[in-house]
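Engineer: The structure's right below; bear with me while I get my questions together.
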Amino acid sequence: MTGYDHEQVQEFWQYVWEREDVYELADDATDPTYVLGMFPYTSGTLHMGHVRNYAIADAYARYRRMCGDDVLHPMGWDAFGLPAENAAYERASDPESWTQACIRRMREELETLGFGYDWSREITTCEPSYYRWNQWLFKRFHEAGLVEYDAATVDWCPDCETVLADAQVVERDGERGAGDRVCWRCETPVGRRELDQWFFTITDYADELDERLDDLEGWPDGVREIQRNWIGRREGARISFEVDLDGATTAVDVFSARPETIHGATYLAVSPGHDLARALAEEEDEDGDGDEDEEVQAYVDEVRDRGPDEVGYSGVATDARAINPVTGKSLPVYVAGYVLEDVGTGAVMGVPGHNERDHAFAREHDIPIERVIEPVDDANDADDADYQLPYTDHGTLTESGEYTGLETEAARERLLEDYDALEADVTYRLRDWLISRQRYWGTPIPVVHCDDCGPVLVPDEDLPVELPEFVRTTGNPLEEHASFRETECPECGGPARRETDTMDTFVDSSWYFLRFLSPDLEDAPFDPDRAEEWLPVDVYVGGDEHATLHLLYARFFAKALTDIGLLDCREPFRELESQGTVLYEGEKMSSSKGNAVAPEEYGAETTRLFVLSAAHPEQDFEWTANDVRGAYDLQQTLYGMVTSFVEGESGRSERLPRDEYVDREIDRTIAATTEEYERFRFHRAATEIQELAGLLRRYRGFGRPHEEINRRGLLTLAALIAPMAPHLGEELWNKLRGDGLVAEADWPDPGEFADDTEGTHAPDYRRERRLVETTLEDVRDIVDVAAIDDPERIDLIVADEWKYRTMEFLREGDANADSDRPGDDQRSAVERVAGALESDPELDTPTREAIARFLERSDAADARGESSSGSDSGAAALGPDHEHALLERAAWLVRDEFDADVRVRRADDGAAGGKARPGKPAIRID
C-alpha cells in the first residue's frame with residue numbers, strides 16, 4: 001500500500017478487537033464510565049445524523065478507555081413504532097420482518113464504521129424479552145397511583161389513525177398557513193376525538209422536574225430552557241367564582257397568574273369540555289319542559305373534535321351569571337373554544353384589559369374592556385389608540401377600590417390575605433403523558449376489560465402479553481384480531497376484552513439505559529445494585545429535539561422508579577452532549593429532500609473523522625467535498641509519515657536544543673489534546689494533531705531527527721488520532737511497534753503539563769506556545785514591513801530581569817486590590833509597585849530610573865496584560881530564565897523559516913533590549 005486504505009485494514013482490526021474483547025465490560029466492573037448515544041430508531045439505514053451522534057460517543061468512550069477507565073458503551077434498537085408498521089404495509093410485509101431486516105443492515109453499517117460497542121449487551125425493544133418489562137413497569141406504576149384511565153378529548157392524526165401526545169403535535173408554517181397543528185411524523189393536520197385513554201401522571205412530578213433542572217449543570221442551557229418552557233410553571237392564585245345555574249349555586253375555580261387584575265374581570269369562560277359547559281347544555285329552559293339548551297349544546301358538539309387553532313376565539317354566551325368574589329359584580333358566563341380543558345382548571349377569569357387572548361375574545365364578542373393597571377410612568381392619554389391594547393406588565397392599580405395606588409406585587413399579597421376565595425397556587429403547562437396508541441406495532445397494554453370487574457391488570461405470571469400475528473387492516477389491527485381481543489377476566493374468569501391499545505414507543509426509550517446494565521436478567525427489568533453503582537449515565541449524546549419527549553420522560557421514569565423503591569437515581573443523565581445538524585447546501589440532510597450523503601460514499605473512516613473535526617458537536621456544519629478532503633488528507637499525511645519513518649534511515653542519538661523543543665511540543669500537544677477531548681472539542685483535537693504532524697515533518701526536513709523523539713512523536717499521533725479514526729490509529733501503532741493495541745494503550749503522558757487541564761500547573765503549555773507563536777509573527781511582520789529580502793542575522797532579546805519583577809508586583813497588586821475602593825485603580829497599583837521596587841537595596845540608581853520610566857509609559861499596562869499591543873501577561877509569567885531557554889530551543893524554527901543566523905540574548909547581558917518586555921522579546925534583524 002502506498003497510501004492509507006481504510007477498507008483494507010478495517011476487517012482485520014475489527015476481528016482483533018472482537019477477539020480481544022476490547023469493548024466488553026465485565027459484570028463485576030466497579031463504577032465504569034457510562035457513555036451512551038441515543039439508540040437509533042430502526043428506519044432502514046444510518047443517516048449522517050446517526051454517524052455524528054455515534055462518532056461523538058465512540059470517540060469519547062475510546063478516550064476514557066485509554067485513560068484507564070472501565071467503560072460501558074452499549075448499543076440497542078428502538079424498534080417499535082408506527083413508521084415500521086407503515087413501511088411494512090407499503091411493502092406487503094409485516095412490521096417484525098421489516099424491523100429485523102433494518103436492524104441487520106444498520107448493525108452492519110455501525111460495524112463498518114468501527115464503533116466500539118459492547119455487543120453482548122445489545123437490546124431490541126420489540127422483542128418480548130424486553131417489552132415484557134414495559135408491561136411489568138406499567139403494573140408497578142399503576143399500583144403506585146401513577147396510571148389513570150380516563151375519557152379525554154385528544155389530538156388525533158387521521159393519516160396515522162392514532163392518538164398523539166402533546167409533544168407529538170407541532171405547529172408548522174408552510175403551504176397550509178401559519179400555525180397549522182400537524183402530526184410530528186407525517187405532517188398531516190391534527191384533529192380531535194374523545195376516547196378512553198391510558199395516562200402516566202407525569203404531572204405528579206412537574207414541580208421536581210422543573211426545580212431539578214438547575215442541578216443539571218452538565219446539560220446545555222438551551223435544552224434545560226426548552227424543558228423548563230414545556231413544563232411551564234406558573235405562579236398565581238386559584239380563585240373561586242359562584243355561578244348561578246338554574247336557581248342553584250355552584251363553584252367554578254379559575255387559575256390566574258395575575259390575581260391583582262380581578263377588578264378588571266368582565267366575564268367568565270369555560271372550556272367546551274368543562275363540567276359547567278355540559279351542565280349548561282342540559283339546563284332546563286324557561287318553560288321547564290326539560291329541553292337542553294340547544295345553542296350551547298350545538299356549540300359544544302361543533303368544537304369537540306376540533307383543535308384550538310380551528311376554533312379560534314369562537315364562543316357562545318349562556319344564561320348563567322358568575323359573581324366576582326372581590327367586587328361582587330355579576331359577570332356573564334361563556335363557553336369558549338380558546339379555553340382548554342386540560343390547562344389550568346379549564347376555566348378562565350376574562351380580563352381583556354390585561355391579557356391578549358382575553359382581549360381578542362372580548363373584541364370578538366363585544367365584551368367590555370376595563371383597564372385596572374397602569375405603568376408607573378404612564379404618559380398615555382385615555383383616548384390614545386394604544387391605550388386600548390392589553391397592558392400585560394406590572395404597574396400601579398387603578399379603578400380597584402381600596403387597592404388603587406398599590407404596586408401589583410403588593411396588591412396581590414393583600415388580596416390573597418383579604419379573601420378566602422383567592423388562594424396562592426401553582427399550575428403547569430405540562431399535561432399527563434398519554435401513552436395509548438391505536439396501532440399494532442407497540443407494547444400491548446397489560447389490561448383486560450371485564451363488564452363485571454372493570455379494567456383488570458394481567459397477572460405477572462402471564463406476562464408478556466405478546467403481539468399476535470400481524471393482520472393487514474386500516475385502523476388498529478389488534479381490534480380486528482379476535483383471538484387476541486377475546487379473553488377471560490383474571491379476577492372472575494368471565495368473558496372479557498383485552499386492551500387493544502399499545503404503548504407509546506417513548507415508554508421503550510424511557511428506561512432502556514437501565515436494561516443495558518443487565519440485559520439478560522430474567523426476574524427483573526434491571527439489577528438495582530448495579531444501577532446504584534453504575535448510574536447515572538456519565539455522558540449521553542443526542543439531539544436537543546428530544547428535550548420535550550424522550551429526555552423529559554426518562555427523567556420522569558427515574559423519579560418514579562426511585563419512589564417505588566426500584567432505583568436510587570433521580571436524574572438519569574449527568575452530562576448531556578447535544579449534537580448539531582449536518583447541512584447540505586444550507587438545508588438539513590434528509591433522504592426526503594434528496595440531499596443525503598451515505599456514510600460509505602466517502603469511506604467510513606474519512607466520514608467519521610470529518611464529522612468530528614468539522615465543528616463543535618453542538619454546532620451545525622455544512623457538508624462539502626472540499627472540507628471532507630481535509631479529513632482524508634490528514635489520514636494520508638499521518639500514514640505517510642509513519643511509513644517513511646519505518647522504511648527510512650535511523651535518526652540521531654545525541655540531543656540538540658531543537659530536540660528539546662520538539663519533545664516539549666509533543667507534551668504540549670498531549671496536554672492540549674487531552675483538554676479538547678475532555679471538553680468534547682474534537683475539532684480542536686484534530687487541529688492539534690494536524691499541527692504536531694506539521695511540526696514533525698518540518699523537524700525531519702530541518703536535519704536528521706533524534707530517533708526516539710521522532711518515534712515518540714509519531715506514536716503520540718497514533719494514540720491521539722485513535723479515538724476519532726480507530727482503524728488508522730491501530731494501523732499506525734502497529735507499524736511503529738507500539739505495545740499491544742492502541743485501543744487498550746495508555747493515554748500519552750503530557751509530562752510536566754499533566755495537571756494543566758485542572759488549571760493547577762504553571763507555567764502551562766499555552767504560555768509557552770503563545771511566546772513562540774507571537775515571536776514568530778513579530779519577526780514576520782518586521783521582515784515584511786521593512787522589506788528585508790534576505791535577512792542574515794536575527795537577534796531575539798529577552799527583557800531585563802527587573803521588568804519581570806515589576807510585572808509580578810503589578811499582578812500581585814491587582815490580586816490584592818480591593819475593587820470596592822474607588823481609588824484602587826491602575827495608578828494606585830503602579831504607585832505601590834514603584835515604592836516596593838525602589839526600596840530594594842539590590843537595585844542601582846540607573847535601574848531605579850529605568851523602572852520609573854517604565855512605570856510611566858504604557859509598557860507597564862502592557863506588562864500587566866491590559867494592552868492589545870501583543871504583550872502577554874501569561875507568557876510574562878514564565879520568567880526570564882524560562883523564556884530565554886524556550887526561545888533558544890525554538891530558535892531553529894526562525895532559522896528554518898528565514899534561513900538566517902539566530903541568536904537568543906538577554907538584555908541583562910548588555911544586549912540592546914530597551915524595547916523588550918516580559919512575554920515580548922525585542923527583535924533586531926540585520
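Residues are referred to by chain and number: the chain letter is A, B, ... according to the order shown in the C-alpha cells, the number counts from 1 in that chain, and ligands are numbered separately from 1 in the order shown.
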Residues at most 9 Å from segment 654-656 of chain A, counting only C-alpha atoms, excluding those fewer than 2 positions away in the same chain, as a PyMOL selection string?

Structural biologist: chain A and resi 652+658-660+706+889

Engineer: For N, CA, C and O atoms, I'd like the residues from the last selection saved as an mmCIF file, in the first residue's frame.

Structural biologist:
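Output below, filename result_13.cif:
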data_model
loop_
_atom_site.group_PDB
_atom_site.id
_atom_site.type_symbol
_atom_site.label_atom_id
_atom_site.label_comp_id
_atom_site.auth_asym_id
_atom_site.auth_seq_id
_atom_site.Cartn_x
_atom_site.Cartn_y
_atom_site.Cartn_z
ATOM 1 N N ARG A 652 19.382 10.377 14.895
ATOM 2 C CA ARG A 652 20.484 10.631 15.813
ATOM 3 C C ARG A 652 20.172 10.085 17.208
ATOM 4 O O ARG A 652 19.015 9.874 17.569
ATOM 5 N N ARG A 658 16.966 21.859 19.543
ATOM 6 C CA ARG A 658 15.698 21.710 18.819
ATOM 7 C C ARG A 658 14.989 20.414 19.185
ATOM 8 O O ARG A 658 13.763 20.332 19.127
ATOM 9 N N ASP A 659 15.746 19.380 19.560
ATOM 10 C CA ASP A 659 15.122 18.135 20.010
ATOM 11 C C ASP A 659 14.331 18.378 21.292
ATOM 12 O O ASP A 659 13.225 17.843 21.466
ATOM 13 N N GLU A 660 14.915 19.195 22.192
ATOM 14 C CA GLU A 660 14.216 19.512 23.430
ATOM 15 C C GLU A 660 12.918 20.262 23.133
ATOM 16 O O GLU A 660 11.889 20.032 23.776
ATOM 17 N N HIS A 706 16.203 13.292 15.946
ATOM 18 C CA HIS A 706 16.534 12.378 17.026
ATOM 19 C C HIS A 706 15.613 11.156 16.941
ATOM 20 O O HIS A 706 14.386 11.282 16.857
ATOM 21 N N ARG A 889 15.508 26.981 22.469
ATOM 22 C CA ARG A 889 15.091 25.693 21.909
ATOM 23 C C ARG A 889 14.270 25.871 20.643
ATOM 24 O O ARG A 889 14.261 25.013 19.764
#

Engineer: Residues near Leu415 of chain A, anyone? I mean within 8 Å using only C-alpha atoms, not counting same-chain ones fewer than 5 positions away, as a compact mmCIF listing (two decimals) with all heavy atoms, in the first residue's frame.

Structural biologist:
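Contents of part-v8.txt, as written:
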# COMPACT_ATOMS: atom_id res chain seq x y z
N PRO A 259 -53.75 37.61 39.74
CA PRO A 259 -54.99 37.84 40.51
C PRO A 259 -55.21 39.31 40.83
O PRO A 259 -56.35 39.72 41.11
CB PRO A 259 -54.76 37.02 41.79
CG PRO A 259 -53.27 36.86 41.89
CD PRO A 259 -52.78 36.78 40.49
N GLU A 260 -54.17 40.12 40.78
CA GLU A 260 -54.32 41.55 41.08
C GLU A 260 -55.16 42.28 40.04
O GLU A 260 -55.57 43.43 40.25
CB GLU A 260 -52.95 42.22 41.22
CG GLU A 260 -52.12 42.27 39.95
CD GLU A 260 -51.28 41.02 39.72
OE1 GLU A 260 -51.51 40.01 40.43
OE2 GLU A 260 -50.41 41.04 38.83
N LEU A 422 -59.59 33.57 47.24
CA LEU A 422 -58.33 33.61 46.49
C LEU A 422 -57.27 32.86 47.29
O LEU A 422 -57.06 33.13 48.49
CB LEU A 422 -57.85 35.05 46.28
CG LEU A 422 -58.48 35.83 45.13
CD1 LEU A 422 -59.93 36.20 45.44
CD2 LEU A 422 -57.67 37.10 44.85

Engineer: In terms of the shortest atom-to-atom distance over only C-alpha atoms, which of A:Ser271, A:Phe556, A:Gly494, A:Thr408 is closest to Asp207 of chain A?

Structural biologist: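 Going through A:Ser271, A:Phe556, A:Gly494, A:Thr408 one by one, the smallest distance to Asp207 of chain A is for A:Phe556.
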
Engineer: Please report the interatomic distance between atom CA of Glu469 of chain A and atom CA of Trp441 of chain A in Å with one decimal.

Structural biologist: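 Atom CA of Glu469 of chain A sits 10.7 Å away from atom CA of Trp441 of chain A.
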
Engineer: For Leu36 of chain A, list every protein, DNA or RNA residue within 7 Å, evaluated using only C-alpha atoms, and leave out those in the same chain fewer than 2 positions away; present the list as a ChimeraX atom specification.

Structural biologist: /A:34,38,57,73-74,539-541

Engineer: Store the residues of this selection in a file with C-alpha atoms, as a compact mmCIF listing (two decimals), in the first residue's frame.

Structural biologist:
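Printed below is result-v9.txt as written:
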# COMPACT_ATOMS: atom_id res chain seq x y z
CA TYR A 34 -21.11 5.03 31.15
CA MET A 38 -29.30 7.74 21.93
CA ALA A 57 -19.94 8.99 21.83
CA HIS A 73 -20.62 1.73 25.77
CA PRO A 74 -23.62 -0.33 24.60
CA VAL A 539 -22.22 11.13 29.09
CA TYR A 540 -25.36 10.98 26.96
CA VAL A 541 -25.18 12.11 23.33

Engineer: Got a sec: who's within 6 Å of Cys126 of chain A, counting only C-alpha atoms, leaving out chain neighbours fewer than 2 positions off, as a PyMOL selection string?

Structural biologist: chain A and resi 79-80+124

Engineer: Give me a file of those residues, with N, CA, C and O atoms, as a PDB file, in the first residue's frame.

Structural biologist:
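Ended up saving to part32.pdb:
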ATOM      1  N   ALA A  79     -37.174  -0.186  18.396  1.00  0.00           N
ATOM      2  CA  ALA A  79     -37.687  -0.957  17.272  1.00  0.00           C
ATOM      3  C   ALA A  79     -39.194  -0.942  17.086  1.00  0.00           C
ATOM      4  O   ALA A  79     -39.688  -1.408  16.052  1.00  0.00           O
ATOM      5  N   PHE A  80     -39.955  -0.443  18.072  1.00  0.00           N
ATOM      6  CA  PHE A  80     -41.395  -0.345  17.906  1.00  0.00           C
ATOM      7  C   PHE A  80     -41.750   0.990  17.250  1.00  0.00           C
ATOM      8  O   PHE A  80     -40.934   1.907  17.203  1.00  0.00           O
ATOM      9  N   THR A 124     -33.226  -5.106  21.967  1.00  0.00           N
ATOM     10  CA  THR A 124     -34.162  -4.740  20.902  1.00  0.00           C
ATOM     11  C   THR A 124     -35.532  -4.601  21.540  1.00  0.00           C
ATOM     12  O   THR A 124     -36.069  -5.564  22.099  1.00  0.00           O
TER      13      THR A 124
END

Engineer: Glu587 of chain A: which residues within 12 Å, counting only C-alpha atoms, same-chain residues fewer than 4 positions away excluded, as number ranges by chain?

Structural biologist: A: 581-583, 591-596, 620-623

Engineer: As number ranges by chain, please: all residues of segment 137-184 of chain A that backbone DSSP puts in alpha helix (DSSP H).

Structural biologist: A: 137-143

Engineer: Give the strand (DSSP E) residues of segment 213-458 of chain A, as assigned by DSSP on the backbone, as a PyMOL selection string.

Structural biologist: chain A and resi 234-245+248-256+267-270+315-323+330-336+347-350+373-374+396-397+422-427+433-434+436-437+447-450+454-457

Engineer: With only C-alpha atoms as the counted atoms, please give the residues lying no more than 10 Å from segment 132-147 of chain A, apart from itself and same-chain residues fewer than 3 positions off, as a PyMOL selection string.

Structural biologist: chain A and resi 125-129+150+198-204+432-435+443-447+457-460+462-466+503+507-508+510-512+515+522-526+557+560-561+563-564+566

Engineer: Residues at most 12 Å from Tyr15 of chain A, counting only C-alpha atoms, excluding those fewer than 3 positions away in the same chain, as number ranges by chain?

Structural biologist: A: 9-12, 18-22, 111-112, 114, 116, 727

Engineer: Check the smallest atom-to-atom distance from each of A:Pro536, A:Gly493, A:Pro158, A:Gly344 to Gly232 of chain A using only C-alpha atoms, then report the winner.

Structural biologist: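 The closest residue to Gly232 of chain A is A:Gly344.
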
Engineer: Could you check the closest approach to Leu886 of chain A for each of A:Arg258, A:Arg767, A:Arg437, A:Arg228 and tell me which residue wins, using only C-alpha atoms?

Structural biologist: A:Arg767

Engineer: Grab the atom CA of Glu171 of chain A to atom CA of His50 of chain A distance for me, in Å with one decimal place.

Structural biologist: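 A separation of 25.4 Å between them.
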
Engineer: Find the residue from A:Val300, A:Val372, A:Ala891, A:Val163 that sits nearest to Thr502 of chain A; use only C-alpha atoms when measuring.

Structural biologist: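 Counting only C-alpha atoms, the residue closest to Thr502 of chain A is A:Val163.
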
Engineer: Pick the closest to Pro519 of chain A from A:Tyr130, A:Trp156, A:Tyr89, A:Tyr338: which is it, counting only C-alpha atoms?

Structural biologist: A:Tyr130

Engineer: Between A:Val537, A:Leu728, A:Leu714, A:Ala317, which is the closest to Arg574 of chain A once you count only C-alpha atoms?

Structural biologist: A:Val537

Engineer: Would you mind reading off the distance between atom CA of His683 of chain A and atom CA of Arg65 of chain A, one decimal, in Å?

Structural biologist: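 Answer for the atom CA of His683 of chain A to atom CA of Arg65 of chain A separation: 20.0 Å.
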